[in-house]
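This is entry29.txt. It holds compact mmCIF, C-alpha atoms and all ligand atoms.
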# COMPACT_ATOMS: atom_id res chain seq x y z
CA ASP A 1 -2.47 -24.33 14.18
CA HIS A 2 0.10 -24.35 11.40
CA VAL A 3 -2.60 -25.52 9.02
CA ALA A 4 -4.96 -22.77 10.14
CA ASN A 5 -2.16 -20.28 9.58
CA GLN A 6 -1.53 -21.61 6.08
CA ILE A 7 -5.20 -21.40 5.13
CA ALA A 8 -5.56 -17.87 6.47
CA ALA A 9 -2.31 -16.98 4.76
CA GLY A 10 -3.75 -17.81 1.37
CA GLU A 11 -6.41 -15.19 1.92
CA VAL A 12 -4.01 -12.40 2.73
CA VAL A 13 -1.07 -13.42 0.54
CA GLN A 14 -1.97 -14.15 -3.04
CA ARG A 15 1.34 -13.24 -4.64
CA PRO A 16 4.61 -11.41 -3.86
CA ALA A 17 2.87 -8.07 -4.38
CA SER A 18 0.53 -8.83 -1.45
CA VAL A 19 3.56 -9.15 0.82
CA VAL A 20 4.98 -5.89 -0.51
CA LYS A 21 1.71 -4.10 0.23
CA GLU A 22 1.46 -5.40 3.81
CA LEU A 23 5.09 -4.63 4.65
CA LEU A 24 5.01 -1.12 3.17
CA GLU A 25 1.81 -0.35 5.07
CA ASN A 26 3.31 -1.60 8.33
CA SER A 27 6.28 0.71 7.82
CA ILE A 28 3.97 3.66 7.27
CA ASP A 29 1.94 2.77 10.35
CA ALA A 30 5.23 2.69 12.28
CA GLY A 31 5.82 6.35 11.40
CA ALA A 32 8.74 5.77 9.03
CA TYR A 33 9.79 8.68 6.81
CA SER A 34 12.19 6.63 4.72
CA ILE A 35 11.26 3.22 3.33
CA LYS A 36 13.37 0.96 1.15
CA LEU A 37 12.00 -1.99 -0.84
CA ILE A 38 14.47 -4.58 -2.11
CA ILE A 39 13.32 -7.48 -4.26
CA LYS A 40 14.90 -10.30 -6.23
CA ASP A 41 13.30 -12.32 -9.02
CA ALA A 42 10.07 -10.32 -8.86
CA GLY A 43 9.78 -11.12 -5.17
CA LYS A 44 9.82 -14.87 -5.68
CA THR A 45 13.13 -15.31 -3.87
CA LEU A 46 13.41 -12.11 -1.82
CA ILE A 47 11.24 -9.27 -0.59
CA GLN A 48 12.80 -6.97 1.98
CA VAL A 49 11.43 -3.76 3.44
CA ILE A 50 13.66 -1.57 5.60
CA ASP A 51 12.19 1.39 7.46
CA ASN A 52 13.25 4.00 9.98
CA GLY A 53 10.02 3.80 11.94
CA LYS A 54 9.56 3.33 15.67
CA GLY A 55 10.63 -0.33 15.73
CA MET A 56 9.54 -2.95 18.24
CA SER A 57 10.63 -4.19 21.65
CA ALA A 58 11.85 -7.81 21.89
CA THR A 59 8.46 -8.87 23.28
CA ASP A 60 6.46 -7.05 20.63
CA ALA A 61 8.71 -8.44 17.91
CA ARG A 62 7.86 -11.95 19.01
CA LEU A 63 4.15 -11.09 19.39
CA SER A 64 3.92 -9.52 15.97
CA PHE A 65 3.85 -12.99 14.38
CA GLU A 66 0.91 -14.21 16.47
CA ARG A 67 -2.38 -14.23 14.62
CA HIS A 68 -4.61 -11.30 15.58
CA ALA A 69 -1.74 -9.69 17.41
CA THR A 70 -2.27 -6.15 16.33
CA SER A 71 -1.08 -3.15 18.27
CA LYS A 72 -3.48 -1.01 16.29
CA ILE A 73 -7.00 -1.62 17.60
CA ARG A 74 -7.56 -0.62 21.18
CA SER A 75 -11.34 -0.65 21.24
CA ALA A 76 -14.28 -1.55 19.06
CA GLU A 77 -14.61 2.17 18.49
CA ASP A 78 -11.20 2.21 16.79
CA LEU A 79 -12.60 -0.03 14.08
CA PHE A 80 -14.77 2.82 12.89
CA SER A 81 -12.24 5.58 12.99
CA LEU A 82 -9.31 3.78 11.51
CA ASN A 83 -6.29 5.90 10.90
CA THR A 84 -3.80 3.12 10.43
CA LYS A 85 -3.67 0.73 7.48
CA GLY A 86 -3.47 -2.55 9.28
CA PHE A 87 -6.17 -3.55 11.67
CA ARG A 88 -6.47 -7.28 11.56
CA GLY A 89 -3.14 -8.42 12.86
CA GLU A 90 -2.97 -11.11 10.23
CA ALA A 91 -0.32 -10.06 7.78
CA LEU A 92 2.89 -11.03 9.58
CA ALA A 93 1.42 -14.28 10.94
CA SER A 94 0.25 -15.17 7.45
CA ILE A 95 3.53 -14.32 5.77
CA ALA A 96 5.53 -16.24 8.38
CA ALA A 97 3.34 -19.30 7.76
CA ILE A 98 4.38 -19.58 4.12
CA ALA A 99 7.89 -18.19 3.86
CA HIS A 100 11.27 -17.83 5.54
CA VAL A 101 11.14 -14.57 7.46
CA GLU A 102 13.82 -12.59 9.22
CA LEU A 103 12.77 -9.63 11.35
CA LYS A 104 15.34 -7.16 12.67
CA THR A 105 14.06 -4.32 14.74
CA LYS A 106 15.10 -1.73 17.33
CA GLN A 107 13.38 1.05 19.20
CA ASP A 108 15.10 4.39 19.53
CA GLN A 109 15.41 4.20 23.31
CA ASP A 110 17.07 0.76 23.21
CA GLU A 111 20.77 0.18 22.80
CA LEU A 112 20.35 -3.16 21.08
CA GLY A 113 17.69 -4.66 18.85
CA THR A 114 16.14 -8.04 18.18
CA VAL A 115 16.49 -10.49 15.33
CA ILE A 116 13.94 -13.28 14.85
CA GLU A 117 13.98 -15.99 12.21
CA ILE A 118 10.83 -17.92 11.37
CA GLU A 119 10.17 -20.62 8.79
CA GLY A 120 6.62 -21.82 8.19
CA SER A 121 5.42 -20.40 11.54
CA GLU A 122 8.30 -22.07 13.45
CA ILE A 123 10.64 -19.83 15.33
CA LYS A 124 14.17 -20.91 14.45
CA ASN A 125 16.09 -18.25 16.28
CA GLN A 126 15.71 -15.15 18.41
CA GLU A 127 18.68 -13.08 19.54
CA VAL A 128 19.81 -9.67 20.58
CA THR A 129 21.51 -7.85 17.72
CA VAL A 130 23.12 -4.60 16.65
CA THR A 131 20.78 -2.86 14.21
CA PRO A 132 19.68 0.72 13.48
CA THR A 133 16.41 2.12 14.85
CA GLY A 134 13.52 0.91 12.75
CA THR A 135 12.56 -2.39 11.22
CA SER A 136 13.84 -4.67 8.48
CA LEU A 137 11.51 -7.44 7.37
CA CYS A 138 13.07 -9.94 5.00
CA VAL A 139 10.84 -12.52 3.30
CA LYS A 140 12.51 -15.33 1.38
CA HIS A 141 11.18 -18.32 -0.55
CA LEU A 142 7.54 -17.33 -0.56
CA PHE A 143 5.18 -20.35 -0.71
CA PHE A 144 8.12 -22.71 -0.04
CA ASN A 145 5.67 -25.10 1.71
CA ILE A 146 2.73 -24.64 -0.70
CA PRO A 147 3.94 -25.92 -4.11
CA ALA A 148 0.51 -25.40 -5.69
CA ARG A 149 0.66 -21.70 -4.88
CA ARG A 150 4.25 -21.40 -6.02
CA ASN A 151 3.46 -23.05 -9.33
CA PHE A 152 0.56 -20.69 -9.91
CA LEU A 153 2.77 -17.63 -9.78
CA LYS A 154 2.99 -15.84 -13.10
CA SER A 155 6.12 -14.89 -15.02
CA ASN A 156 8.59 -12.51 -13.37
CA ASN A 157 7.36 -9.72 -15.64
CA VAL A 158 3.80 -10.12 -14.48
CA GLU A 159 4.66 -10.49 -10.79
CA LEU A 160 6.98 -7.48 -11.00
CA ARG A 161 4.18 -5.46 -12.60
CA HIS A 162 1.94 -6.24 -9.60
CA ILE A 163 4.70 -5.22 -7.18
CA VAL A 164 5.33 -1.96 -9.00
CA ASP A 165 1.58 -1.25 -8.96
CA GLU A 166 1.51 -1.66 -5.17
CA PHE A 167 4.65 0.43 -4.81
CA HIS A 168 3.10 3.22 -6.92
CA ARG A 169 -0.09 3.18 -4.87
CA VAL A 170 1.70 3.45 -1.55
CA ALA A 171 4.20 6.03 -2.81
CA LEU A 172 1.42 8.20 -4.25
CA ALA A 173 -0.58 8.03 -1.03
CA HIS A 174 2.45 9.26 0.95
CA PRO A 175 4.49 11.89 -0.93
CA ASP A 176 5.89 13.10 2.41
CA ILE A 177 7.75 9.80 2.80
CA GLU A 178 10.93 8.91 0.91
CA PHE A 179 10.70 5.62 -1.01
CA LEU A 180 13.42 3.62 -2.71
CA MET A 181 13.01 0.45 -4.70
CA TYR A 182 15.68 -1.96 -5.96
CA HIS A 183 15.11 -4.99 -8.18
CA ASN A 184 17.87 -7.54 -8.72
CA GLY A 185 20.46 -5.09 -7.43
CA SER A 186 19.56 -2.08 -9.53
CA GLU A 187 17.59 0.99 -8.56
CA SER A 188 14.04 1.04 -9.95
CA PHE A 189 12.74 4.11 -8.11
CA ASN A 190 14.25 6.85 -6.01
CA LEU A 191 11.46 9.06 -4.71
CA PRO A 192 12.56 11.81 -2.33
CA LYS A 193 10.05 13.39 0.06
CA SER A 194 8.06 15.92 -1.98
CA ASN A 195 4.64 17.39 -2.69
CA TYR A 196 1.94 15.42 -4.48
CA ARG A 197 2.51 16.89 -7.94
CA GLN A 198 6.24 16.23 -7.75
CA ARG A 199 5.64 12.68 -6.53
CA VAL A 200 3.41 11.98 -9.55
CA VAL A 201 6.08 13.41 -11.86
CA ASN A 202 8.89 11.47 -10.15
CA ILE A 203 7.02 8.23 -10.69
CA PHE A 204 5.56 8.75 -14.15
CA GLY A 205 8.21 10.95 -15.74
CA ASN A 206 8.84 14.63 -16.47
CA LYS A 207 6.45 14.61 -19.41
CA THR A 208 3.62 14.09 -16.93
CA ASN A 209 4.04 17.63 -15.58
CA GLU A 210 2.44 19.47 -18.51
CA LYS A 211 -0.63 17.29 -18.61
CA LEU A 212 -1.75 17.58 -14.96
CA VAL A 213 -4.81 19.68 -14.20
CA PRO A 214 -5.50 20.29 -10.50
CA VAL A 215 -8.82 19.18 -9.03
CA VAL A 216 -9.91 20.88 -5.81
CA GLU A 217 -13.23 20.66 -4.04
CA GLU A 218 -14.30 21.03 -0.47
CA THR A 219 -17.78 20.54 0.93
CA GLU A 220 -19.06 19.94 4.44
CA VAL A 221 -18.73 16.21 4.07
CA LEU A 222 -15.70 15.68 1.87
CA LYS A 223 -12.54 17.05 0.34
CA ILE A 224 -11.19 16.20 -3.10
CA SER A 225 -7.66 17.03 -4.18
CA GLY A 226 -5.23 15.84 -6.81
CA PHE A 227 -4.97 15.91 -10.58
CA VAL A 228 -6.53 14.66 -13.76
CA GLY A 229 -4.68 14.37 -17.06
CA LYS A 230 -5.68 16.63 -19.94
CA PRO A 231 -7.78 14.60 -22.41
CA GLU A 232 -5.28 14.93 -25.27
CA PHE A 233 -2.77 12.97 -23.18
CA ALA A 234 -5.20 10.12 -22.50
CA LYS A 235 -3.76 6.63 -22.59
CA ARG A 236 -4.83 3.36 -24.14
CA THR A 237 -4.25 1.67 -20.77
CA ARG A 238 -5.60 2.31 -17.30
CA THR A 239 -2.17 2.36 -15.66
CA GLU A 240 -2.51 5.99 -14.57
CA GLN A 241 -5.78 5.75 -12.70
CA PHE A 242 -5.42 6.21 -8.97
CA PHE A 243 -8.14 6.91 -6.49
CA PHE A 244 -7.38 7.20 -2.79
CA VAL A 245 -9.76 7.52 0.12
CA ASN A 246 -8.18 8.78 3.33
CA ASN A 247 -4.75 7.85 1.94
CA ARG A 248 -5.81 4.34 1.02
CA PHE A 249 -5.84 3.11 -2.59
CA ILE A 250 -9.36 2.07 -3.52
CA LYS A 251 -10.87 0.32 -6.52
CA SER A 252 -14.33 1.65 -7.12
CA PRO A 253 -15.89 0.97 -10.52
CA TYR A 254 -18.73 3.27 -9.53
CA LEU A 255 -16.53 6.27 -8.76
CA ASN A 256 -14.29 5.46 -11.68
CA HIS A 257 -17.41 5.84 -13.77
CA ALA A 258 -18.06 9.26 -12.23
CA ILE A 259 -14.61 10.42 -13.33
CA ASN A 260 -14.89 8.92 -16.80
CA SER A 261 -18.26 10.52 -17.33
CA ALA A 262 -16.77 13.94 -16.54
CA PHE A 263 -14.52 13.38 -19.57
CA GLU A 264 -17.48 12.52 -21.81
CA GLY A 265 -17.19 14.03 -25.26
CA LEU A 266 -13.54 14.93 -24.73
CA MET A 267 -11.97 11.53 -25.24
CA LYS A 268 -11.05 9.51 -28.28
CA ASP A 269 -12.59 6.05 -28.43
CA GLY A 270 -10.64 3.43 -26.53
CA SER A 271 -8.59 5.87 -24.51
CA HIS A 272 -8.69 6.33 -20.75
CA PRO A 273 -8.11 9.49 -18.73
CA SER A 274 -5.24 9.67 -16.24
CA TYR A 275 -6.23 10.60 -12.72
CA PHE A 276 -4.54 10.87 -9.37
CA LEU A 277 -7.31 11.81 -6.96
CA ASN A 278 -7.53 11.88 -3.19
CA LEU A 279 -10.77 11.91 -1.34
CA THR A 280 -10.92 12.80 2.33
CA VAL A 281 -14.08 11.85 4.18
CA ASP A 282 -15.16 11.27 7.75
CA PRO A 283 -13.91 7.74 8.56
CA LYS A 284 -17.30 7.10 10.18
CA SER A 285 -18.98 7.41 6.78
CA ILE A 286 -17.04 4.55 5.19
CA ASP A 287 -16.67 0.85 5.78
CA ILE A 288 -13.34 -0.61 4.75
CA ASN A 289 -13.54 -3.78 6.74
CA ILE A 290 -15.03 -5.84 3.97
CA HIS A 291 -12.08 -7.65 2.42
CA PRO A 292 -8.70 -8.80 3.77
CA THR A 293 -6.81 -7.02 1.04
CA LYS A 294 -8.76 -3.87 1.79
CA THR A 295 -8.92 -2.30 -1.67
CA GLU A 296 -12.68 -2.05 -1.67
CA ILE A 297 -14.82 0.24 0.36
CA LYS A 298 -18.45 1.03 1.11
CA PHE A 299 -19.68 4.61 1.35
CA ASP A 300 -22.78 5.71 3.25
CA ASP A 301 -23.91 8.01 0.47
CA GLU A 302 -22.43 6.89 -2.82
CA HIS A 303 -24.82 8.84 -5.02
CA THR A 304 -23.92 12.22 -3.58
CA LEU A 305 -20.26 11.33 -3.77
CA TYR A 306 -20.63 10.37 -7.43
CA ALA A 307 -22.26 13.71 -8.27
CA ILE A 308 -19.71 15.82 -6.39
CA LEU A 309 -16.76 13.97 -7.87
CA ARG A 310 -18.08 14.24 -11.41
CA ALA A 311 -18.83 17.94 -11.01
CA ALA A 312 -15.39 18.65 -9.52
CA VAL A 313 -13.55 16.98 -12.40
CA LYS A 314 -15.77 18.67 -14.99
CA HIS A 315 -15.17 22.02 -13.35
CA SER A 316 -11.39 21.55 -13.48
CA LEU A 317 -11.42 20.54 -17.12
CA GLY A 318 -13.62 23.54 -17.93
CA GLN A 319 -11.46 26.01 -16.02
CA PHE A 320 -8.47 25.02 -18.06
CA ASN A 321 -10.45 25.59 -21.26
CA ILE A 322 -10.33 22.01 -22.29
P1 LIG B 1 -1.53 -5.15 11.66
O1 LIG B 1 -0.72 -4.26 10.77
O2 LIG B 1 -2.87 -5.43 11.08
O3 LIG B 1 -1.57 -4.70 13.10
P2 LIG B 1 0.50 -7.09 11.06
O4 LIG B 1 0.50 -8.57 11.10
O5 LIG B 1 0.75 -6.43 9.75
O6 LIG B 1 -0.87 -6.60 11.67
O7 LIG B 1 1.57 -6.57 12.11
C1 LIG B 1 1.47 -7.01 13.46
C2 LIG B 1 2.07 -5.98 14.41
O8 LIG B 1 3.50 -5.96 14.26
C3 LIG B 1 1.64 -4.55 14.16
O9 LIG B 1 0.41 -4.25 14.82
C4 LIG B 1 2.80 -3.75 14.72
O10 LIG B 1 2.66 -3.59 16.11
C5 LIG B 1 3.99 -4.66 14.47
N1 LIG B 1 4.76 -4.27 13.27
C6 LIG B 1 4.71 -4.84 12.04
N2 LIG B 1 5.54 -4.25 11.17
C7 LIG B 1 6.13 -3.24 11.84
C8 LIG B 1 7.12 -2.23 11.49
N3 LIG B 1 7.63 -2.14 10.24
N4 LIG B 1 7.52 -1.38 12.46
C9 LIG B 1 7.01 -1.46 13.71
N5 LIG B 1 6.09 -2.37 14.11
C10 LIG B 1 5.66 -3.25 13.19
MG MG B 2 -0.16 -4.71 8.87
Exercise: express the given structure as structure tokens:
Amino acid sequence: DHVANQIAAGEVVQRPASVVKELLENSIDAGAYSIKLIIKDAGKTLIQVIDNGKGMSATDARLSFERHATSKIRSAEDLFSLNTKGFRGEALASIAAIAHVELKTKQDQDELGTVIEIEGSEIKNQEVTVTPTGTSLCVKHLFFNIPARRNFLKSNNVELRHIVDEFHRVALAHPDIEFLMYHNGSESFNLPKSNYRQRVVNIFGNKTNEKLVPVVEETEVLKISGFVGKPEFAKRTRTEQFFFVNNRFIKSPYLNHAINSAFEGLMKDGSHPSYFLNLTVDPKSIDINIHPTKTEIKFDDEHTLYAILRAAVKHSLGQFNI
């Protein structure tokens, strides 16, 4: 069973940033409105996420590390109308298979909480503890028992970049939640609860404010909201390209193309538009259950979506006389 856990773990956890993503999403699913991410050495020695969400009972805390133990799917129907991020019940089991994990958690109605320590799927300790309402998940020594994986990790700069990317994605998808991030003891981000525009500016800097053009569109089947960057502020990198579907960060080369094509004729060669766009669609019209890391998605009617998205961005750029 430990071997099965390790193999499955490799699918879910590719690098420290994968752990960050799973933990942040669990905190959001738990209804937290303040989430703190603490990392050391680009996550290679420590990744900790502390939230003020609903916490877990002692029994649920123990169960949360069992493979396919998810509290989030109640029926097959739920699979098609997913509102939560997690739905496979694999993340914690996978992480616990390949790291040293300490979980501290307490529900509001309980006086005392639970602490559980696990190393490579083995429970080392479980006790009652004094802890605030919410959950702290502390992941140390990632890949301690898989040297090949550990040795394949990139430099701290590269791994940190991946973590920051995940942090940006989650923070942009949830401006109504406060996020803090610390790396090696110093504050990297302090993002108070705010509106979407302010969240973008808090992450990417005050200069971002003047370049944002709102994009708004609503049809019977979808809603688009968010911002694109004015063409004259276009970047040589794609670091400011964010596309969310129902609050989930999505990579879609096809829809990325729709946005780029709306900028046609306005851009200098080799530069890329900035965009921070949210799409809201009926969950029944998408399929997100196609990859464990869940950044890809299938739409029922991609062609229509492409056309609407392109037109909406073009319209916004036109309205602002660009
Ligand atoms: P999934 O998110 O797919 O359900 P996970 O392995 O990520 O699977 O988590 C397993 C379960 O542990 C969750 O379904 C949830 O009940 C519980 N859990 C995990 N993290 C938290 C948290 N931060 N707060 C409350 N409950 C949590
Ligand atoms: Mg999860």
Box in all listed atoms of ligand LIG 1 (chain B), axis-aligned, with 8 Å more on each side; write out centre and edge lengths in Å to one decimal as AutoDock Vina command-line options.
--center_x 2.4 --center_y -5.0 --center_z 12.9 --size_x 26.5 --size_y 23.2 --size_z 22.4
Checklist entry - Which one of A:Ile116, A:Ala61, A:Leu317, A:Leu309 sits closest to ligand LIG 1 (chain B) if you count all atoms listed in the file? => result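 Smallest separation from ligand LIG 1 (chain B) among the options: A:Ala61.
Across the model, the gap from atom CA of A:Arg199 to atom CA of A:Asp165 is 14.7 Å.
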Item to check | Coordinates-based distance that separates atom CA of A:Glu240 from atom CA of A:Phe276 (Å, one decimal) | outcome: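 Answer for the atom CA of A:Phe276 to atom CA of A:Glu240 separation: 7.4 Å.
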Checklist entry - List as JSON, numbers by chain: which residues have an atom within 12 Å of (-2.2, -13.0, 3.9), counting all atoms listed in the file? => result {"A": [4, 5, 6, 7, 8, 9, 10, 11, 12, 13, 14, 15, 16, 17, 18, 19, 20, 21, 22, 23, 67, 86, 88, 89, 90, 91, 92, 93, 94, 95, 96, 97, 98, 99, 142, 143, 291, 292, 293, 294]}
Just the selected residues (C-alpha atoms), exported as a short mmCIF file (atom, residue, chain, number, x, y, z; two decimals), in the coordinates of the input, please.
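Now in selection_20.cif:
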data_model
loop_
_atom_site.label_atom_id
_atom_site.label_comp_id
_atom_site.auth_asym_id
_atom_site.auth_seq_id
_atom_site.Cartn_x
_atom_site.Cartn_y
_atom_site.Cartn_z
CA ALA A 4 -4.96 -22.77 10.14
CA ASN A 5 -2.16 -20.28 9.58
CA GLN A 6 -1.53 -21.61 6.08
CA ILE A 7 -5.20 -21.40 5.13
CA ALA A 8 -5.56 -17.87 6.47
CA ALA A 9 -2.31 -16.98 4.76
CA GLY A 10 -3.75 -17.81 1.37
CA GLU A 11 -6.41 -15.19 1.92
CA VAL A 12 -4.01 -12.40 2.73
CA VAL A 13 -1.07 -13.42 0.54
CA GLN A 14 -1.97 -14.15 -3.04
CA ARG A 15 1.34 -13.24 -4.64
CA PRO A 16 4.61 -11.41 -3.86
CA ALA A 17 2.87 -8.07 -4.38
CA SER A 18 0.53 -8.83 -1.45
CA VAL A 19 3.56 -9.15 0.82
CA VAL A 20 4.98 -5.89 -0.51
CA LYS A 21 1.71 -4.10 0.23
CA GLU A 22 1.46 -5.40 3.81
CA LEU A 23 5.09 -4.63 4.65
CA ARG A 67 -2.38 -14.23 14.62
CA GLY A 86 -3.47 -2.55 9.28
CA ARG A 88 -6.47 -7.28 11.56
CA GLY A 89 -3.14 -8.42 12.86
CA GLU A 90 -2.97 -11.11 10.23
CA ALA A 91 -0.32 -10.06 7.78
CA LEU A 92 2.89 -11.03 9.58
CA ALA A 93 1.42 -14.28 10.94
CA SER A 94 0.25 -15.17 7.45
CA ILE A 95 3.53 -14.32 5.77
CA ALA A 96 5.53 -16.24 8.38
CA ALA A 97 3.34 -19.30 7.76
CA ILE A 98 4.38 -19.58 4.12
CA ALA A 99 7.89 -18.19 3.86
CA LEU A 142 7.54 -17.33 -0.56
CA PHE A 143 5.18 -20.35 -0.71
CA HIS A 291 -12.08 -7.65 2.42
CA PRO A 292 -8.70 -8.80 3.77
CA THR A 293 -6.81 -7.02 1.04
CA LYS A 294 -8.76 -3.87 1.79
#
Item to check | Shell of 7 Å around A:Gln241, all atoms listed in the file, local chain residues under 2 positions omitted, as a PyMOL selection string | outcome: chain A and resi 238-239+243+274-276
Item to check | A:Val49 surroundings by all atoms listed in the file, 10 Å radius, close-in-sequence under 3 positions cut, as an NGL selection string | outcome: :A and (19-20 or 23-24 or 26-27 or 35-39 or 103 or 135-139 or 180-181)
Residue subset to file, keeping C-alpha atoms, as a short mmCIF file (atom, residue, chain, number, x, y, z; two decimals), keeping the file's coordinate frame:
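So the final result, stored in result.cif, reads:
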data_model
loop_
_atom_site.label_atom_id
_atom_site.label_comp_id
_atom_site.auth_asym_id
_atom_site.auth_seq_id
_atom_site.Cartn_x
_atom_site.Cartn_y
_atom_site.Cartn_z
CA VAL A 19 3.56 -9.15 0.82
CA VAL A 20 4.98 -5.89 -0.51
CA LEU A 23 5.09 -4.63 4.65
CA LEU A 24 5.01 -1.12 3.17
CA ASN A 26 3.31 -1.60 8.33
CA SER A 27 6.28 0.71 7.82
CA ILE A 35 11.26 3.22 3.33
CA LYS A 36 13.37 0.96 1.15
CA LEU A 37 12.00 -1.99 -0.84
CA ILE A 38 14.47 -4.58 -2.11
CA ILE A 39 13.32 -7.48 -4.26
CA LEU A 103 12.77 -9.63 11.35
CA THR A 135 12.56 -2.39 11.22
CA SER A 136 13.84 -4.67 8.48
CA LEU A 137 11.51 -7.44 7.37
CA CYS A 138 13.07 -9.94 5.00
CA VAL A 139 10.84 -12.52 3.30
CA LEU A 180 13.42 3.62 -2.71
CA MET A 181 13.01 0.45 -4.70
#
Checklist entry - Which residue, A:Arg310, A:His100, A:His68, A:Lys124, has the smallest gap to A:Ile224 when you use only C-alpha atoms? => result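 Counting only C-alpha atoms, the residue closest to A:Ile224 is A:Arg310.
For the choices A:Glu122, A:Lys140, A:Thr208, A:Asp176, the atom-to-atom distance to A:Lys193 is smallest for A:Asp176 when using all atoms listed in the file.
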Item to check | Nearest-residue call for ligand LIG 1 (chain B), choices A:Val130, A:Val115, A:Ile308, A:Ala32, using only C-alpha atoms and all ligand atoms | outcome: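 The closest residue to ligand LIG 1 (chain B) is A:Ala32.
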Item to check | Exercise: A:Asn278 partners within 12 Å, all atoms listed in the file, chain neighbours under 6 positions left out, as a VMD selection string | outcome: chain A and resid 169 172 to 174 196 214 to 218 222 to 228 241 to 250 255 309
Checklist entry - Mind pulling up the distance from atom CA of A:Val200 to atom CA of A:Met267? => result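 Rounded to one decimal, the two atoms are 22.0 Å apart.
Distances to ligand MG 2 (chain B) were evaluated for A:Ile50, A:His162, A:Ala42, A:Phe65 using only C-alpha atoms and all ligand atoms, and the minimum falls at A:Phe65.
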Checklist entry - What's the 12 Å shell around A:Arg161, counting only C-alpha atoms, without same-chain residues fewer than 2 positions away, as a VMD selection string? => result chain A and resid 15 to 17 41 to 43 154 to 159 163 to 168 183 239
Checklist entry - Which protein, DNA or RNA residues are at most 8 Å from (-16.7, 8.3, 7.7) in the file's coordinates when you count only C-alpha atoms, listed as a ChimeraX atom specification? => result /A:80-81,281-287,299-300
Next on the checklist: Neighbouring residues of A:Gln107 were defined as those with any atom within 8 Å, considering only C-alpha atoms; residues of the same chain fewer than 6 positions away were excluded. Please report them as a PyMOL selection string.
Outcome noted: chain A and resi 54-57+113+133-134
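When all atoms listed in the file are used to measure the gap to ligand LIG 1 (chain B), the shortest distance among A:Leu112, A:Leu63, A:Ile47, A:Ala262 belongs to A:Leu63.
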